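What's in my_file-v3.tsv: TSV, C-alpha atoms and all ligand atoms
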```tsv
chain	number	residue	atom	x	y	z
A	993	MET	CA	-178.77	-125.54	71.65
A	994	SER	CA	-175.28	-124.77	72.86
A	995	SER	CA	-173.92	-124.33	76.34
A	996	LEU	CA	-172.70	-120.99	77.59
A	997	PRO	CA	-169.01	-120.24	77.87
A	998	SER	CA	-167.69	-119.96	81.42
A	999	ALA	CA	-168.60	-116.28	81.50
A	1000	PRO	CA	-172.32	-115.70	80.82
A	1001	ALA	CA	-172.82	-114.20	77.37
A	1002	SER	CA	-174.75	-111.31	78.87
A	1003	VAL	CA	-171.74	-109.99	80.78
A	1004	PRO	CA	-169.60	-107.67	78.70
A	1005	VAL	CA	-166.22	-109.16	79.42
A	1006	ASN	CA	-164.19	-109.01	76.28
A	1007	PRO	CA	-163.11	-112.44	75.05
A	1008	ALA	CA	-161.85	-110.71	71.91
A	1009	THR	CA	-159.09	-109.16	74.00
A	1010	ALA	CA	-158.52	-112.32	76.00
A	1011	ALA	CA	-158.19	-114.49	72.90
A	1012	SER	CA	-155.90	-112.14	71.02
A	1013	GLY	CA	-153.73	-111.63	74.10
A	1014	ASP	CA	-151.75	-114.72	73.16
A	1015	ILE	CA	-150.76	-113.37	69.77
A	1016	LYS	CA	-149.15	-109.98	69.92
A	1017	GLN	CA	-150.43	-107.50	67.44
A	1018	ALA	CA	-148.52	-104.36	66.64
A	1019	GLU	CA	-150.22	-101.06	67.38
A	1020	GLU	CA	-153.50	-102.58	68.49
A	1021	PRO	CA	-155.25	-100.01	70.66
A	1022	ASN	CA	-156.40	-101.13	74.08
A	1023	GLN	CA	-159.74	-102.87	73.50
A	1024	ASP	CA	-161.08	-101.98	76.94
A	1025	VAL	CA	-160.50	-98.30	76.29
A	1026	GLN	CA	-162.36	-98.61	72.99
A	1027	MET	CA	-165.28	-100.24	74.78
A	1028	LEU	CA	-165.31	-97.42	77.31
A	1029	ASN	CA	-165.18	-94.78	74.60
A	1030	SER	CA	-168.02	-96.28	72.67
A	1031	ALA	CA	-170.07	-96.53	75.86
A	1032	ASN	CA	-169.53	-92.82	76.50
A	1033	GLY	CA	-170.19	-91.85	72.90
A	1034	GLU	CA	-173.50	-90.97	71.36
A	1035	VAL	CA	-176.00	-93.76	71.95
A	1036	PRO	CA	-178.62	-94.37	69.26
A	1037	ASN	CA	-182.19	-94.11	70.45
A	1038	VAL	CA	-183.31	-97.67	71.13
A	1039	ASN	CA	-186.68	-98.76	72.44
A	1040	TRP	CA	-185.89	-101.45	75.00
A	1041	GLU	CA	-189.59	-102.01	75.63
A	1042	SER	CA	-189.92	-103.47	72.14
A	1043	GLU	CA	-190.07	-107.25	71.91
A	1044	LEU	CA	-188.41	-107.12	68.50
A	1045	GLN	CA	-185.48	-105.10	69.87
A	1046	LEU	CA	-184.96	-107.52	72.76
A	1047	VAL	CA	-185.17	-110.62	70.61
A	1048	SER	CA	-182.87	-109.23	67.91
A	1049	SER	CA	-180.31	-108.23	70.59
A	1050	LEU	CA	-180.46	-111.69	72.15
A	1051	ALA	CA	-180.00	-113.21	68.70
A	1052	LYS	CA	-176.85	-111.12	68.25
A	1053	LEU	CA	-175.50	-112.20	71.65
A	1054	GLN	CA	-176.28	-115.82	70.90
A	1055	GLU	CA	-174.42	-115.56	67.60
A	1056	LEU	CA	-171.41	-113.97	69.34
A	1057	GLU	CA	-171.41	-116.76	71.90
A	1058	ARG	CA	-171.42	-119.34	69.12
A	1059	LYS	CA	-168.40	-117.60	67.63
A	1060	VAL	CA	-166.64	-117.62	71.01
A	1061	HIS	CA	-166.85	-121.41	70.91
A	1062	GLU	CA	-165.45	-121.38	67.41
A	1063	LEU	CA	-162.56	-119.17	68.54
A	1064	ARG	CA	-161.75	-121.53	71.39
A	1065	GLN	CA	-160.82	-124.17	68.84
A	1066	PHE	CA	-158.39	-121.76	67.23
A	1067	LEU	CA	-155.92	-122.08	70.07
A	1068	PRO	CA	-154.05	-124.27	70.09
A	1069	GLU	CA	-155.78	-126.78	67.74
A	1070	GLY	CA	-156.28	-124.46	64.77
A	1071	LEU	CA	-152.86	-122.92	65.13
A	1072	LEU	CA	-151.09	-126.27	65.29
A	1073	GLU	CA	-153.12	-127.87	62.50
A	1074	PRO	CA	-150.03	-128.33	60.26
A	1075	LEU	CA	-148.61	-130.69	62.94
A	1076	VAL	CA	-151.68	-132.95	63.08
A	1077	PRO	CA	-150.47	-136.54	62.40
A	1078	GLU	CA	-153.28	-137.40	59.91
A	1079	LYS	CA	-152.29	-134.53	57.68
A	1080	PRO	CA	-149.62	-135.18	55.04
A	1081	ALA	CA	-146.37	-134.11	56.67
A	1082	ALA	CA	-144.62	-131.06	55.30
A	1083	ASN	CA	-141.74	-131.93	52.98
A	1084	SER	CA	-139.22	-129.63	54.54
A	1085	PRO	CA	-138.73	-127.44	57.61
A	1086	SER	CA	-139.29	-124.36	55.47
A	1087	GLN	CA	-142.57	-125.82	54.16
A	1088	LEU	CA	-143.64	-126.54	57.74
A	1089	ARG	CA	-142.74	-123.02	58.76
A	1090	HIS	CA	-144.79	-121.70	55.84
A	1091	ASP	CA	-147.80	-123.87	56.82
A	1092	LEU	CA	-147.60	-122.75	60.44
A	1093	GLU	CA	-147.42	-119.14	59.37
A	1094	GLN	CA	-150.46	-119.57	57.11
A	1095	ALA	CA	-152.41	-121.22	59.92
A	1096	ALA	CA	-151.50	-118.38	62.30
A	1097	ARG	CA	-152.53	-115.73	59.78
A	1098	ALA	CA	-155.88	-117.43	59.10
A	1099	ARG	CA	-156.64	-117.70	62.84
A	1100	LEU	CA	-155.60	-114.13	63.46
A	1101	SER	CA	-157.94	-112.84	60.80
A	1102	GLY	CA	-160.71	-114.94	62.38
A	1103	ILE	CA	-160.05	-113.20	65.70
A	1104	LYS	CA	-160.01	-109.80	64.04
A	1105	ASP	CA	-163.37	-110.49	62.38
A	1106	PHE	CA	-164.75	-111.40	65.77
A	1107	GLN	CA	-163.42	-108.21	67.34
A	1108	THR	CA	-165.01	-106.15	64.58
A	1109	LEU	CA	-168.33	-107.87	65.22
A	1110	TRP	CA	-168.04	-107.45	68.99
A	1111	GLN	CA	-167.26	-103.74	68.75
A	1112	GLY	CA	-169.50	-102.99	65.77
A	1113	THR	CA	-172.04	-100.16	65.87
A	1114	ASP	CA	-174.69	-102.87	65.79
A	1115	MET	CA	-173.57	-104.24	69.15
A	1116	ARG	CA	-172.90	-100.92	70.87
A	1117	PRO	CA	-176.45	-100.20	72.09
A	1118	VAL	CA	-176.70	-103.82	73.29
A	1119	TRP	CA	-173.54	-103.55	75.41
A	1120	ASP	CA	-174.63	-100.15	76.73
A	1121	HIS	CA	-177.96	-101.61	77.74
A	1122	VAL	CA	-176.36	-104.61	79.44
A	1123	GLU	CA	-173.95	-102.33	81.33
A	1124	SER	CA	-176.72	-100.05	82.52
A	1125	ARG	CA	-178.86	-102.99	83.65
A	1126	ILE	CA	-175.94	-104.43	85.64
A	1127	LYS	CA	-175.36	-101.02	87.22
A	1128	GLU	CA	-179.06	-100.62	88.02
A	1129	SER	CA	-179.24	-103.99	89.72
A	1130	ASN	CA	-175.93	-103.41	91.50
A	1131	GLY	CA	-174.47	-106.47	89.82
A	1132	ASP	CA	-177.28	-108.66	91.09
A	1133	PHE	CA	-178.72	-110.11	87.90
A	1134	ILE	CA	-180.43	-113.37	87.06
A	1135	GLN	CA	-177.91	-116.19	86.83
A	1136	PRO	CA	-178.10	-117.96	83.49
A	1137	THR	CA	-178.81	-121.68	83.42
A	1138	GLY	CA	-175.75	-122.26	81.26
A	1139	MET	CA	-177.91	-122.97	78.21
A	1140	TRP	CA	-179.72	-120.81	75.72
A	1141	GLU	CA	-183.35	-121.63	76.43
A	1142	LYS	CA	-184.44	-120.51	72.98
A	1143	ASP	CA	-182.97	-120.09	69.55
A	1144	TYR	CA	-183.35	-116.33	69.24
A	1145	ASP	CA	-182.46	-116.26	65.58
A	1146	VAL	CA	-185.47	-118.47	64.81
A	1147	LEU	CA	-187.63	-116.39	67.15
A	1148	LEU	CA	-186.49	-113.20	65.42
A	1149	LYS	CA	-187.41	-114.55	61.98
A	1150	GLU	CA	-190.87	-115.50	63.26
A	1151	LEU	CA	-191.38	-112.04	64.76
A	1152	LEU	CA	-190.29	-110.30	61.56
A	1153	LYS	CA	-192.62	-112.50	59.54
A	1154	ALA	CA	-195.55	-111.70	61.83
A	1155	ASP	CA	-194.72	-107.99	61.55
A	1156	LYS	CA	-194.72	-108.21	57.78
A	1157	THR	CA	-198.06	-110.01	57.70
A	1158	LYS	CA	-199.52	-107.29	59.91
A	1159	GLU	CA	-198.14	-104.58	57.62
A	1160	GLU	CA	-199.65	-106.32	54.61
A	1161	GLU	CA	-203.02	-106.52	56.33
A	1162	ILE	CA	-202.93	-102.80	57.13
A	1163	GLU	CA	-201.95	-102.05	53.53
A	1164	GLN	CA	-204.82	-104.19	52.20
A	1165	GLU	CA	-207.25	-102.45	54.52
A	1166	GLN	CA	-206.05	-99.04	53.39
A	1167	GLU	CA	-206.27	-100.00	49.72
A	1168	LYS	CA	-209.84	-101.17	50.27
A	1169	LEU	CA	-210.78	-97.76	51.67
A	1170	GLU	CA	-209.01	-95.91	48.85
A	1171	ARG	CA	-210.67	-98.11	46.26
A	1172	SER	CA	-214.15	-97.56	47.63
A	1173	LYS	CA	-213.54	-93.79	47.51
A	1174	ALA	CA	-212.22	-93.99	43.92
A	1175	GLN	CA	-215.27	-96.01	42.90
A	1176	SER	CA	-217.76	-93.91	44.87
A	1177	SER	CA	-218.97	-92.33	41.62
A	1178	ASP	CA	-218.39	-92.36	37.86
A	1179	GLU	CA	-216.90	-88.86	38.10
A	1180	GLU	CA	-214.41	-89.39	40.92
A	1181	TRP	CA	-211.56	-90.33	38.54
A	1182	GLN	CA	-211.81	-86.91	36.86
A	1183	THR	CA	-211.13	-85.20	40.20
A	1184	VAL	CA	-208.04	-87.37	40.59
A	1185	LEU	CA	-207.00	-86.59	37.01
A	1186	GLU	CA	-207.31	-82.84	37.67
A	1187	LYS	CA	-205.09	-83.15	40.73
A	1188	PHE	CA	-202.54	-85.03	38.64
A	1189	THR	CA	-202.61	-82.35	35.91
A	1190	GLN	CA	-202.11	-79.63	38.54
A	1191	ARG	CA	-198.90	-81.34	39.65
A	1192	ASP	CA	-197.48	-80.46	36.22
A	1193	VAL	CA	-195.20	-83.51	36.00
A	1194	PRO	CA	-192.36	-82.62	33.58
A	1195	GLY	CA	-192.52	-84.28	30.17
A	1196	ILE	CA	-196.09	-85.55	30.63
A	1197	ARG	CA	-199.18	-84.41	28.78
A	1198	VAL	CA	-202.58	-85.96	29.41
A	1199	VAL	CA	-205.32	-85.71	26.79
A	1200	LYS	CA	-208.86	-86.78	27.59
A	1201	GLY	CA	-210.38	-89.19	25.08
A	1202	GLN	CA	-213.72	-89.16	23.26
A	1203	ASP	CA	-215.01	-92.29	24.99
A	1204	PRO	CA	-216.00	-92.21	28.64
A	1205	PHE	CA	-213.19	-93.31	30.99
A	1206	SER	CA	-210.51	-92.82	28.38
A	1207	LEU	CA	-207.39	-90.72	28.05
A	1208	SER	CA	-204.00	-90.63	26.37
A	1209	VAL	CA	-200.70	-89.95	28.08
A	1210	VAL	CA	-198.03	-88.39	25.88
A	1211	LEU	CA	-194.37	-88.88	26.82
A	1212	ALA	CA	-192.80	-86.29	24.52
A	1213	LYS	CA	-189.16	-86.94	25.38
A	1214	ALA	CA	-189.49	-90.70	25.05
A	1215	GLY	CA	-191.60	-90.27	21.89
A	1216	MET	CA	-194.35	-92.54	23.16
A	1217	ILE	CA	-198.08	-92.36	23.70
A	1218	PHE	CA	-200.08	-94.69	25.92
A	1219	SER	CA	-203.83	-94.81	25.83
A	1220	VAL	CA	-205.55	-95.65	29.09
A	1221	LYS	CA	-209.07	-97.03	29.18
A	1222	GLY	CA	-211.23	-97.81	32.16
A	1223	ALA	CA	-213.23	-101.03	32.42
A	1224	GLN	CA	-216.29	-101.18	34.64
A	1225	GLU	CA	-217.85	-104.00	36.61
A	1226	PRO	CA	-221.61	-104.44	36.31
A	1227	ASN	CA	-223.56	-102.52	38.97
A	1228	VAL	CA	-220.41	-100.87	40.36
A	1229	SER	CA	-219.70	-97.21	39.73
A	1230	GLY	CA	-216.26	-95.96	38.78
A	1231	VAL	CA	-213.52	-97.98	37.12
A	1232	SER	CA	-212.46	-101.42	38.31
A	1233	GLU	CA	-209.42	-101.64	36.04
A	1234	TRP	CA	-207.46	-99.16	33.92
A	1235	GLN	CA	-205.95	-100.91	30.89
A	1236	VAL	CA	-202.96	-99.49	29.07
A	1237	VAL	CA	-202.20	-99.87	25.35
A	1238	SER	CA	-199.22	-98.42	23.50
A	1239	GLN	CA	-200.60	-96.06	20.88
A	1240	THR	CA	-198.61	-96.03	17.64
A	1241	PRO	CA	-199.24	-94.53	14.21
A	1242	ALA	CA	-201.12	-96.82	11.81
A	1243	SER	CA	-197.88	-97.18	9.82
A	1244	ARG	CA	-196.07	-99.15	12.51
A	1245	SER	CA	-196.65	-101.60	15.32
A	1246	PRO	CA	-195.27	-101.02	18.84
A	1247	SER	CA	-191.50	-101.34	19.22
A	1248	LYS	CA	-190.00	-103.94	21.55
A	1249	LEU	CA	-189.44	-101.18	24.11
A	1250	GLU	CA	-193.03	-99.93	23.90
A	1251	GLN	CA	-194.29	-103.50	24.18
A	1252	ALA	CA	-192.09	-104.19	27.23
A	1253	ILE	CA	-193.35	-101.02	28.95
A	1254	GLN	CA	-196.96	-101.86	28.13
A	1255	ASP	CA	-196.54	-105.37	29.58
A	1256	CYS	CA	-194.98	-104.01	32.74
A	1257	LEU	CA	-197.73	-101.38	33.10
A	1258	ASN	CA	-200.45	-104.00	32.76
A	1259	SER	CA	-198.90	-106.28	35.35
A	1260	ARG	CA	-199.07	-103.56	38.02
A	1261	PRO	CA	-201.08	-103.81	41.26
A	1262	ARG	CA	-203.84	-101.30	42.20
A	1263	LYS	CA	-205.37	-101.54	38.74
A	1264	TRP	CA	-208.43	-99.53	39.84
A	1265	ASP	CA	-206.19	-96.56	40.74
A	1266	ILE	CA	-205.95	-93.89	38.01
A	1267	SER	CA	-203.43	-91.92	40.06
A	1268	PHE	CA	-201.16	-94.96	40.37
A	1269	VAL	CA	-201.18	-95.73	36.64
A	1270	LEU	CA	-200.49	-92.08	35.77
A	1271	ASP	CA	-197.53	-91.95	38.18
A	1272	MET	CA	-196.26	-95.22	36.78
A	1273	ILE	CA	-196.49	-94.09	33.14
A	1274	SER	CA	-194.76	-90.83	34.17
A	1275	SER	CA	-191.81	-92.87	35.46
A	1276	TYR	CA	-191.06	-93.74	31.80
A	1277	ALA	CA	-190.85	-90.09	30.68
A	1278	ASP	CA	-187.04	-90.22	30.77
A	1279	ILE	CA	-186.67	-93.92	29.95
A	1280	LYS	CA	-183.67	-93.31	27.70
A	1281	GLN	CA	-181.79	-91.46	30.49
A	1282	THR	CA	-182.92	-93.39	33.59
A	1283	PRO	CA	-180.35	-95.95	34.79
A	1284	CYS	CA	-181.28	-99.14	36.63
A	1285	ILE	CA	-181.44	-98.68	40.41
A	1286	LYS	CA	-179.64	-101.99	40.96
A	1287	CYS	CA	-176.79	-102.21	38.42
A	1288	LYS	CA	-176.67	-98.42	37.87
A	1289	ASN	CA	-176.34	-98.94	34.11
A	1290	LEU	CA	-178.63	-97.63	31.41
A	1291	THR	CA	-178.54	-100.78	29.29
A	1292	ASN	CA	-177.91	-104.37	30.35
A	1293	ASN	CA	-175.92	-107.04	28.49
A	1294	ALA	CA	-178.85	-107.62	26.14
A	1295	ALA	CA	-178.86	-103.87	25.32
A	1296	GLN	CA	-182.24	-103.47	27.06
A	1297	LEU	CA	-183.33	-100.37	28.96
A	1298	PRO	CA	-184.70	-100.73	32.52
A	1299	THR	CA	-188.41	-101.25	31.80
A	1300	MET	CA	-189.39	-102.88	35.10
A	1301	ARG	CA	-190.67	-100.74	37.97
A	1302	ARG	CA	-190.55	-101.23	41.73
A	1303	PHE	CA	-192.87	-98.94	43.65
A	1304	LYS	CA	-193.11	-97.46	47.11
A	1305	PRO	CA	-195.62	-94.96	48.49
A	1306	ILE	CA	-194.42	-91.41	49.10
A	1307	LEU	CA	-195.18	-90.59	52.73
A	1308	SER	CA	-197.48	-87.60	52.81
A	1309	GLN	CA	-201.00	-86.66	53.82
A	1310	ASN	CA	-201.92	-86.00	50.19
A	1311	GLU	CA	-204.91	-87.70	48.66
A	1312	PRO	CA	-204.79	-89.72	46.54
A	1313	ARG	CA	-201.59	-91.40	47.70
A	1314	THR	CA	-198.68	-90.87	45.34
A	1315	PHE	CA	-196.02	-93.43	44.52
A	1316	GLU	CA	-192.39	-93.43	43.58
A	1317	PHE	CA	-191.14	-95.86	40.94
A	1318	ASP	CA	-187.60	-97.23	40.72
A	1319	ALA	CA	-186.37	-98.38	37.33
A	1320	LEU	CA	-184.98	-101.91	36.97
A	1321	HIS	CA	-183.82	-104.12	34.11
A	1322	GLN	CA	-185.80	-107.30	33.70
A	1323	SER	CA	-182.54	-109.12	34.37
A	1324	CYS	CA	-182.01	-107.15	37.60
A	1325	ALA	CA	-185.55	-107.40	39.00
A	1401	ZN	ZN	-179.88	-103.35	35.97
```

Do you think you could lay out the structure here as structure tokens?
Amino acid sequence: MSSLPSAPASVPVNPATAASGDIKQAEEPNQDVQMLNSANGEVPNVNWESELQLVSSLAKLQELERKVHELRQFLPEGLLEPLVPEKPAANSPSQLRHDLEQAARARLSGIKDFQTLWQGTDMRPVWDHVESRIKESNGDFIQPTGMWEKDYDVLLKELLKADKTKEEEIEQEQEKLERSKAQSSDEEWQTVLEKFTQRDVPGIRVVKGQDPFSLSVVLAKAGMIFSVKGAQEPNVSGVSEWQVVSQTPASRSPSKLEQAIQDCLNSRPRKWDISFVLDMISSYADIKQTPCIKCKNLTNNAAQLPTMRRFKPILSQNEPRTFEFDALHQSCA
């Protein structure tokens, strides 16, 4: 826990201006005018009733306050560092001048970084909110104790974690519902398959197999075929897991690329979901032209194509849910 600077952190005085006032900077616009302009500019829509918003704003203010303390050491200590007795003395006056200049430049850039942070778009809604609260209360606001009562950065991390857990729970609940619908009968998957076929995904042809719960997916452009077979659990209708095998002519075994894709397909989540596996296989239709989402290259240093997939649901009311798959190299995943 750190103590507050003499001005409470919640009051938008501008220490950035105060600190830099000692070192003249050419053509620096008036900071106060900038503050005013940003306050009058377009304000992003922020929900100040949200706990997360309040805590994240307090965390930002706390971080700024910590930096104010850092800046206070810049002048004069940081600036005069080359004169500190413990340090090896400069060999010559010109060396000393050089050291002093370096120290001044380093401190100045520290101040500039702070100004950027203070005036950043991230901070703007926070300052606007503080200003409006001060106006509302006619300047009569709660006096701080001089200490931060809580570490808001820690609090923020906890809140975000709790939010994520909640999201995961909702997702699990939704998947459970979807799964029970998909497994409501032995025929349900064919309805899903028909819907997929109607979407007419370019470069994809689906051929139903002879065996029950079986089909082949042909990726003409990539020159690959994957056969998909459903496994059932005893006494449960529908398919509990769709397994994918690369289908090659008897004359050859799967290539490294086909094997890598097959492995990735079989390590997917939602294994009961025929729609998901069809969307995922479709994402390989253009494998030889699809660059990695992370490094933006087609091949990595090992000359491998991006065979990994990262998925996210496409927001729509459609049933079944459809997913989008981003391509990634194994080395970039
Ligand atoms: Zn990559």

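Remark: for A:Trp1181, the closest of the candidate residues A:Val1269, A:Leu1148, A:Leu1249, A:Val1237 is A:Val1269 (distances computed over only C-alpha atoms).
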
Work out how far apart atom CA of A:Ile1253 and atom CA of A:Ile1273 are and give it in Å to one decimal. 8.7 Å

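When all atoms listed in the file are used to compute distances to ligand ZN 1401 (chain A), the closest of the residues A:Leu1320, A:Leu1050, A:Cys1256, A:Ala1095 turns out to be A:Leu1320.
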
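Separating atom CA of A:Glu1159 from atom CA of A:Pro1312 is a distance of 19.7 Å.
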
Select all residues near (-218.2, -92.2, 38.1) (cut-off 8 Å, inclusive, file coordinates), counting all atoms listed in the file, and output them as JSON, numbers by chain. {"A": [1175, 1176, 1177, 1178, 1179, 1180, 1181, 1229, 1230, 1231]}

Please determine, counting only C-alpha atoms, which residue among A:Arg1244, A:Ala1252, A:Ala1325, A:Arg1260 has the shortest atom-to-atom distance to A:Cys1284. A:Ala1325

May I have the residues within 9 Å of ligand ZN 1401 (chain A), computed using all atoms listed in the file, as a list of chain:residue names? A:Pro1283, A:Cys1284, A:Ile1285, A:Lys1286, A:Cys1287, A:Lys1288, A:Asn1289, A:Leu1290, A:Thr1291, A:Asn1292, A:Leu1297, A:Pro1298, A:Ala1319, A:Leu1320, A:His1321, A:Gln1322, A:Ser1323, A:Cys1324, A:Ala1325

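The list of residues within 9 Å of (-202.0, -92.4, 19.3), counted using only C-alpha atoms, is Ser1208, Val1210, Met1216, Ile1217, Phe1218, Ser1219, Ser1238, Gln1239, Thr1240, Pro1241 and Ala1242 of chain A.
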
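Atom CA of A:Lys1158 lies 27.5 Å from atom CA of A:Glu1055.
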
Do a neighbour search on A:Gly1195 at 9 Å with all atoms listed in the file, toss out local chain neighbours closer than 3 positions, and write the hits as an mmCIF file with C-alpha atoms, keeping the file's coordinate frame.
```cif
data_model
loop_
_atom_site.group_PDB
_atom_site.id
_atom_site.type_symbol
_atom_site.label_atom_id
_atom_site.label_comp_id
_atom_site.auth_asym_id
_atom_site.auth_seq_id
_atom_site.Cartn_x
_atom_site.Cartn_y
_atom_site.Cartn_z
ATOM 1 C CA ASP A 1192 -197.480 -80.460 36.220
ATOM 2 C CA VAL A 1210 -198.030 -88.390 25.880
ATOM 3 C CA LEU A 1211 -194.370 -88.880 26.820
ATOM 4 C CA ALA A 1212 -192.800 -86.290 24.520
ATOM 5 C CA LYS A 1213 -189.160 -86.940 25.380
ATOM 6 C CA ALA A 1214 -189.490 -90.700 25.050
ATOM 7 C CA SER A 1274 -194.760 -90.830 34.170
ATOM 8 C CA ALA A 1277 -190.850 -90.090 30.680
ATOM 9 C CA ASP A 1278 -187.040 -90.220 30.770
#
```

Using only C-alpha atoms, the best pick from A:Gly1070, A:Arg1191, A:Glu1163, A:Leu1152 as closest to A:Asn1310 would be A:Arg1191

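Of the residues listed (A:Val1047, A:Leu1257, A:Val1209, A:Ile1134), A:Val1209 shows the shortest atom-to-atom separation from A:Phe1188; distances use all atoms listed in the file.
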
Find the smallest box with edges along x, y and z containing every listed atom of stretch 1195-1212 of chain A, then add 3 Å on each side and report centre and edge lengths in Å to one decimal, as lines of an AutoDock Vina configuration file.
```
center_x = -204.3
center_y = -88.8
center_z = 27.1
size_x = 29.5
size_y = 15.0
size_z = 13.7
```
